[in-house]
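A.B. asks: Structure provided below as structure tokens; questions to follow.
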Amino acid sequence: MSQVKSGYARPLDLKNGRVDLAHGSGGRAMAQLIAELFAAAFANDYLGQGNDGALLPAASGKLVMATDAHVVSPLFFPGGDIGCLSVHGTINDLAVMGARPLWLAASFILEEGFPLADLQRIVASMAEAARAAGVPIVTGDTKVVEQGKGDGVFITTTGIGVQREGIEVGGDRARPGDVILLSGSLGDHGMAIMSKRENLDFSAPIVSDTAALHGMIDSLLDAVPTVRVMRDPTRGGLATTLNEIAGQSGVGMMLDEAAIPVKPAVEAACELLGLDPLYVANEGKLIVICAPTDAERALAALRAHPLGKESCIVGEVIDDAHRFVQMRTALGGRRMVDWLTGEQLPRIC
Amino acid sequence: MKYVDEFRDGQLAKGIATAIARAARPERSYRLMEFCGGHTHAISRYGIADLLPANVEMIHGPGCPVCVLPIGRVDQAIRLALEHGVILCTYADMLRVPASDNLSLLKAKAQGGDIRMVYSTSDALNIARKHPDRQVVFLAIGFETTTPPTAVAIQVARAEGLRNFSVLCNHVLTPSAMHAILAVEGGVKLDGFVGPAHVSTVIGSDPYAVFARDYAKPVVIAGFEPLDVMQAILMLIRQINDGRSEIENEFTRAVTPEGNRKAQALVAEIFALRDSFEWRGLGSVPNSALCLAEAYAEFDAERRFACDYVAVPDNRACECAAILRGEKRPQECKIFGTVCTPENPIGSCMVSSEGACAAHYTYGRFRESA
């Protein structure tokens, strides 16, 4: 007589095991991966329904939906990993719309051969980020591609939130005379990733700023509900984001180089690689544009939050039919801060 | 940032700007050429033009390695990747330079060419070590600054017996280009040069003596930081006012009269002078570029693969040639900012951040719209 209990399945080997094609086949192996790895980490009632989709309660107000694909390389970097990054990215997209994020969906594309231990680390990091943010991951999907057809793991997250009552924000709402605020130093995420690229042999004490911004934004909107524009300057950095807003709003901008915070290590790393911190990605910074009469209150609200301690005013919106973003240089001259040309740093988020 | 911030200080800049305004005589103009793309970039990025009087005009020179490479040289590299199937390694600036048939190295990569961006020659060597079954070619470009690292790579390749590594050599010489600019009849009128920074760390300040002696042009060697450039402009204006034409060195923290002897010796061993080399803008310039010396011919990609250089004319609407000679300003080109932009460059000067057109487009084009 066999000693094995009926219905017994050997647990996933989370120490030495690897993703194989069966994990994406729809069969028992996939069910096991989902149950033991994803469901165990993300546990919540909606996910626990176990159906093809999550049945969610009705939400009152305007819904905001956002999605974000993550292909960062390396998967683990100082200050974070693709897991928490994928949670923060979508939460921030919702938050800058003035929405309170409610639910997330996550889909994984796994490469055959990817270590289950790494996957577990990533999933744990996602679960922790979602828990800390108070936004459950309520549904998901997993696919496996053959070795060489992916790069370890790609994660797409989609989120739904409800816009706060009475909030009207958008990239088209900046007006000449408005003030541009920034919640902290530039370039930390992009340079943290660069410092770990295998072909770049430099070590720097640079840590990614990846963070969920909805808490800080909530307190900002409590203080200044009339904020006109909010954006998180991710790929392309501050420069690209401001050019987008200038284009949408039909205005120009004038920045003050001396006022823009950049950490010395980031500045030095950029100098070494010939990069401009204005164009380097951030994953936990916020740009706010508001009327000059709101600026001091907005600044105080941002600074009162742990993620916004270094907030500052970096420039103003000006009238300009050309929609140029310009900057007074620290040297005393003037220059344009143009759109990014080409790809400065590939695969950073 | 220590040792850098000091050279970007706004207060000091104000002081030099005042001194320049005082020194520049209102009854005359000062036409100064910054030879290097590094200077062009600094002038544009820091808005130095705003700190100069109207009668001090900076003219951009040809010292942008990517800009002076003619189309035929890029074609050669593309042929190596697409037809000979080599792994072609090069610096990032090269990737978007327009070539024949609406191609660039980046577009050739999208067509399946194995083209890789490297940060240094040692990256290229690593790729060769990793792929012993593949031919790896390093597309070497640049003035005297980037020549020694290429020389070291060849030396290492020989020492390690890396038989799958070779170099497509396009290294060019600064003094030859300066000669070519001054020798053009009816060419650009210049009162002096802001001399190269990094190039001069290798060749020293002595090789410029000939420009003071034969052409009566003052040269002030300057670092790439904005205060370096401003100080050099002040020194040039003073020389011009005094009727002097001397070689002065503002960049003494890095440049000596004799330069880096060790680097010079290595370059002399591994490379030989080409009789003539075609430059974009300057045409064929005698003794202006290097190829591999006979003793190192085995590492010469031009010999290893059948890929002769074929001259290709520039796009007819493109003014890169006149801009590289300092005869035209970027905004005087009909296609500047319209057909030719950094996203879709027609000419090479719109590609590299050191190119005159790209620098003006990216940092300075608000000036015309004001």
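In the structure tokens, chains take letters A, B, ... by order of appearance, with residues numbered from 1 within each chain and ligands from 1 in the order shown.
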Quick one: which residues from chain B are at most 9 Å off chain A, using only C-alpha atoms, as a PyMOL selection string?
C.D. replies: chain B and resi 1-2+8-14+44-51+96+118-119+123+226-227+342-343+361-367+369
A.B. asks: If we count only C-alpha atoms, what is near A:Asp294 at a cut-off of 10 Å, once residues fewer than 5 positions away on the same chain are taken out, given as a list of chain:residue names?
C.D. replies: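 Once the adjacent positions are removed, what remains is A:Asp178, A:Val179, A:Ala223, A:Val224, A:Pro225, A:Thr226, A:Val227, A:Ile289, A:Leu299.
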A.B. asks: For the residues in that selection, give me C-alpha atoms as a PDB file, in the first residue's frame.
C.D. replies:
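File written: selection_1.pdb
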```pdb
ATOM      1  CA  ASP A 178       1.513  78.991 -12.640  1.00  0.00           C
ATOM      2  CA  VAL A 179       4.246  77.583 -10.438  1.00  0.00           C
ATOM      3  CA  ALA A 223      -4.511  71.107   1.311  1.00  0.00           C
ATOM      4  CA  VAL A 224      -4.855  72.326  -2.283  1.00  0.00           C
ATOM      5  CA  PRO A 225      -7.785  70.746  -4.147  1.00  0.00           C
ATOM      6  CA  THR A 226      -7.289  73.271  -6.959  1.00  0.00           C
ATOM      7  CA  VAL A 227      -3.968  71.788  -8.168  1.00  0.00           C
ATOM      8  CA  ILE A 289       1.652  72.718 -11.293  1.00  0.00           C
ATOM      9  CA  LEU A 299       4.833  73.139  -0.952  1.00  0.00           C
TER      10      LEU A 299
END
```
A.B. asks: Can you list, as a list in words, every residue of stretch 244-310 of chain A that DSSP puts in alpha helix (DSSP H)?
C.D. replies: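 So the alpha helix (DSSP H) residues in stretch 244-310 of chain A would be Glu244, Ile245, Ala246, Gly247, Gln248, Ser249, Pro264, Ala265, Val266, Glu267, Ala268, Ala269, Cys270, Glu271, Leu272, Leu273, Ala295, Glu296, Arg297, Ala298, Leu299, Ala300, Ala301, Leu302 and Arg303 of chain A.
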A.B. asks: Pick out the residues sitting within 10 Å of stretch 263-265 of chain B, and hand them over as a ChimeraX atom specification; count only C-alpha atoms, and ignore anything fewer than 4 positions along from it in its own chain.
C.D. replies: /B:144-145,147-149,151-152,201-204,258-259,269-270
A.B. asks: Taking into account only C-alpha atoms, which residue in the set B:Val97, B:Ala293, B:Val86, B:Cys169 is nearest to B:Asn344?
C.D. replies: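 Of the candidates, the smallest distance to B:Asn344 is held by B:Val97.
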A.B. asks: Which residues, written as number ranges by chain, have at least one atom at most 9 Å from A:Gly171, with only C-alpha atoms counted and residues fewer than 4 positions away on the same chain left out?
C.D. replies: A: 228-231, 244-249
A.B. asks: Which neighbours of B:Arg280 fall inside 7 Å, counting only C-alpha atoms, when residues of the same chain fewer than 6 positions from it are skipped, and could you give them as a list in words?
C.D. replies: Val68, Leu69, Pro70 and Ala321 of chain B
A.B. asks: Pull C-alpha atoms from the residues just selected and write them as a PDB file, in the first residue's frame.
C.D. replies:
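File written: part.pdb
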```pdb
ATOM      1  CA  VAL B  68      33.311  64.773 -39.760  1.00  0.00           C
ATOM      2  CA  LEU B  69      32.985  61.130 -40.766  1.00  0.00           C
ATOM      3  CA  PRO B  70      31.731  60.999 -44.354  1.00  0.00           C
ATOM      4  CA  ALA B 321      29.923  70.760 -44.899  1.00  0.00           C
TER       5      ALA B 321
END
```
A.B. asks: With a distance cut-off of 8 Å and only C-alpha atoms, select the neighbouring residues of B:Cys318, excluding the residue or stretch itself and same-chain residues fewer than 2 positions from it, and output the selection as a list in words.
C.D. replies: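 Near neighbours after the sequence-gap exclusion: Asp314, Asn315, Arg316, Cys320, Ala321, Cys333, Lys334, Ile335, Ile346 and Gly347 of chain B.
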A.B. asks: Please run DSSP on the backbone and report, as a PyMOL selection string, all residues within stretch 148-268 of chain A that come out as strand (DSSP E).
C.D. replies: chain A and resi 153-163+179-182+229-231+252-256
A.B. asks: Give me the residues near stretch 114-117 of chain B as number ranges by chain, where near means some atom within 12 Å (using only C-alpha atoms) and where sequence neighbours in that chain fewer than 2 positions away do not count.
C.D. replies: A: 199-200, 345-346; B: 77-96, 104-112, 119-121, 123-124, 127-128, 134-139
A.B. asks: Go ahead and save the residues from that selection, with N, CA and C atoms, as a compact mmCIF listing (two decimals), in the first residue's frame.
C.D. replies:
```txt
# COMPACT_ATOMS: atom_id res chain seq x y z
N ASN A 199 27.50 45.86 -18.21
CA ASN A 199 28.57 46.42 -19.03
C ASN A 199 29.11 47.73 -18.47
N LEU A 200 28.54 48.17 -17.33
CA LEU A 200 29.02 49.42 -16.73
C LEU A 200 29.67 49.09 -15.41
N LEU A 345 18.37 55.70 -21.82
CA LEU A 345 18.66 54.49 -21.07
C LEU A 345 17.57 53.48 -21.37
N PRO A 346 17.87 52.41 -22.08
CA PRO A 346 16.82 51.43 -22.35
C PRO A 346 16.48 50.57 -21.13
N ALA B 77 30.95 50.43 -42.42
CA ALA B 77 30.64 49.73 -41.17
C ALA B 77 29.35 48.92 -41.31
N ILE B 78 28.37 49.52 -41.98
CA ILE B 78 27.09 48.82 -42.17
C ILE B 78 27.29 47.57 -43.03
N ARG B 79 28.14 47.70 -44.07
CA ARG B 79 28.41 46.53 -44.92
C ARG B 79 29.06 45.40 -44.11
N LEU B 80 29.96 45.79 -43.21
CA LEU B 80 30.61 44.76 -42.39
C LEU B 80 29.57 44.01 -41.56
N ALA B 81 28.59 44.74 -41.04
CA ALA B 81 27.58 44.09 -40.19
C ALA B 81 26.60 43.28 -41.01
N LEU B 82 26.12 43.86 -42.11
CA LEU B 82 25.05 43.20 -42.87
C LEU B 82 25.56 42.15 -43.84
N GLU B 83 26.69 42.44 -44.51
CA GLU B 83 27.17 41.52 -45.56
C GLU B 83 28.19 40.53 -45.03
N HIS B 84 29.04 40.98 -44.10
CA HIS B 84 30.07 40.07 -43.59
C HIS B 84 29.66 39.42 -42.27
N GLY B 85 28.52 39.86 -41.71
CA GLY B 85 27.99 39.21 -40.51
C GLY B 85 28.84 39.36 -39.26
N VAL B 86 29.62 40.43 -39.20
CA VAL B 86 30.45 40.60 -38.00
C VAL B 86 29.61 41.20 -36.88
N ILE B 87 30.12 41.10 -35.66
CA ILE B 87 29.56 41.88 -34.55
C ILE B 87 30.26 43.22 -34.62
N LEU B 88 29.53 44.28 -34.91
CA LEU B 88 30.13 45.59 -35.05
C LEU B 88 29.90 46.39 -33.76
N CYS B 89 31.00 46.81 -33.13
CA CYS B 89 30.90 47.55 -31.87
C CYS B 89 31.27 49.00 -32.12
N THR B 90 30.50 49.90 -31.53
CA THR B 90 30.86 51.31 -31.68
C THR B 90 30.27 52.15 -30.56
N TYR B 91 30.73 53.40 -30.49
CA TYR B 91 30.21 54.31 -29.48
C TYR B 91 28.81 54.75 -29.88
N ALA B 92 28.00 55.09 -28.87
CA ALA B 92 26.57 55.36 -29.08
C ALA B 92 26.31 56.46 -30.10
N ASP B 93 27.16 57.48 -30.09
CA ASP B 93 26.97 58.62 -30.99
C ASP B 93 26.87 58.22 -32.45
N MET B 94 27.56 57.13 -32.81
CA MET B 94 27.63 56.72 -34.22
C MET B 94 26.32 56.13 -34.72
N LEU B 95 25.52 55.60 -33.80
CA LEU B 95 24.42 54.73 -34.22
C LEU B 95 23.40 55.40 -35.13
N ARG B 96 23.16 56.70 -34.93
CA ARG B 96 22.09 57.34 -35.68
C ARG B 96 22.58 58.17 -36.86
N SER B 104 21.13 53.71 -41.26
CA SER B 104 22.08 54.17 -40.25
C SER B 104 22.47 52.88 -39.53
N LEU B 105 23.44 52.94 -38.65
CA LEU B 105 23.79 51.71 -37.94
C LEU B 105 22.59 51.20 -37.14
N LEU B 106 21.80 52.13 -36.59
CA LEU B 106 20.64 51.73 -35.81
C LEU B 106 19.61 51.02 -36.70
N LYS B 107 19.41 51.55 -37.92
CA LYS B 107 18.45 50.92 -38.82
C LYS B 107 18.99 49.58 -39.33
N ALA B 108 20.31 49.52 -39.52
CA ALA B 108 20.92 48.26 -39.94
C ALA B 108 20.76 47.21 -38.84
N LYS B 109 20.80 47.66 -37.60
CA LYS B 109 20.60 46.75 -36.46
C LYS B 109 19.18 46.20 -36.49
N ALA B 110 18.23 47.08 -36.80
CA ALA B 110 16.83 46.63 -36.88
C ALA B 110 16.64 45.65 -38.03
N GLN B 111 17.51 45.75 -39.06
CA GLN B 111 17.43 44.80 -40.19
C GLN B 111 18.14 43.49 -39.88
N GLY B 112 18.65 43.36 -38.68
CA GLY B 112 19.28 42.10 -38.31
C GLY B 112 20.78 42.16 -38.13
N TYR B 119 30.82 51.27 -24.38
CA TYR B 119 31.27 52.47 -23.69
C TYR B 119 32.78 52.64 -23.80
N SER B 120 33.47 51.53 -24.10
CA SER B 120 34.92 51.61 -24.18
C SER B 120 35.43 50.48 -25.07
N THR B 121 36.71 50.58 -25.46
CA THR B 121 37.28 49.53 -26.29
C THR B 121 37.36 48.22 -25.52
N ASP B 123 35.08 47.02 -23.63
CA ASP B 123 33.81 46.33 -23.85
C ASP B 123 33.87 45.51 -25.14
N ALA B 124 34.46 46.12 -26.18
CA ALA B 124 34.55 45.43 -27.47
C ALA B 124 35.44 44.20 -27.35
N ILE B 127 33.52 41.42 -25.73
CA ILE B 127 32.60 40.77 -26.67
C ILE B 127 33.37 39.78 -27.54
N ALA B 128 34.57 40.16 -27.96
CA ALA B 128 35.39 39.25 -28.78
C ALA B 128 35.78 38.00 -27.99
N ARG B 134 32.87 34.26 -33.58
CA ARG B 134 32.39 35.36 -34.40
C ARG B 134 33.50 36.38 -34.63
N GLN B 135 33.42 37.08 -35.76
CA GLN B 135 34.32 38.19 -36.00
C GLN B 135 33.76 39.44 -35.32
N VAL B 136 34.61 40.12 -34.54
CA VAL B 136 34.17 41.32 -33.83
C VAL B 136 34.98 42.50 -34.35
N VAL B 137 34.28 43.52 -34.86
CA VAL B 137 34.97 44.69 -35.40
C VAL B 137 34.62 45.91 -34.56
N PHE B 138 35.64 46.64 -34.13
CA PHE B 138 35.41 47.87 -33.41
C PHE B 138 35.52 49.03 -34.40
N LEU B 139 34.42 49.78 -34.54
CA LEU B 139 34.41 50.95 -35.42
C LEU B 139 35.05 52.10 -34.63
```
A.B. asks: Go ahead and compute the interatomic distance for atom CA of A:Ala35 and atom CA of A:Ser73, in Å to one decimal.
C.D. replies: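 Calculated distance between atom CA of A:Ala35 and atom CA of A:Ser73 is 27.2 Å.
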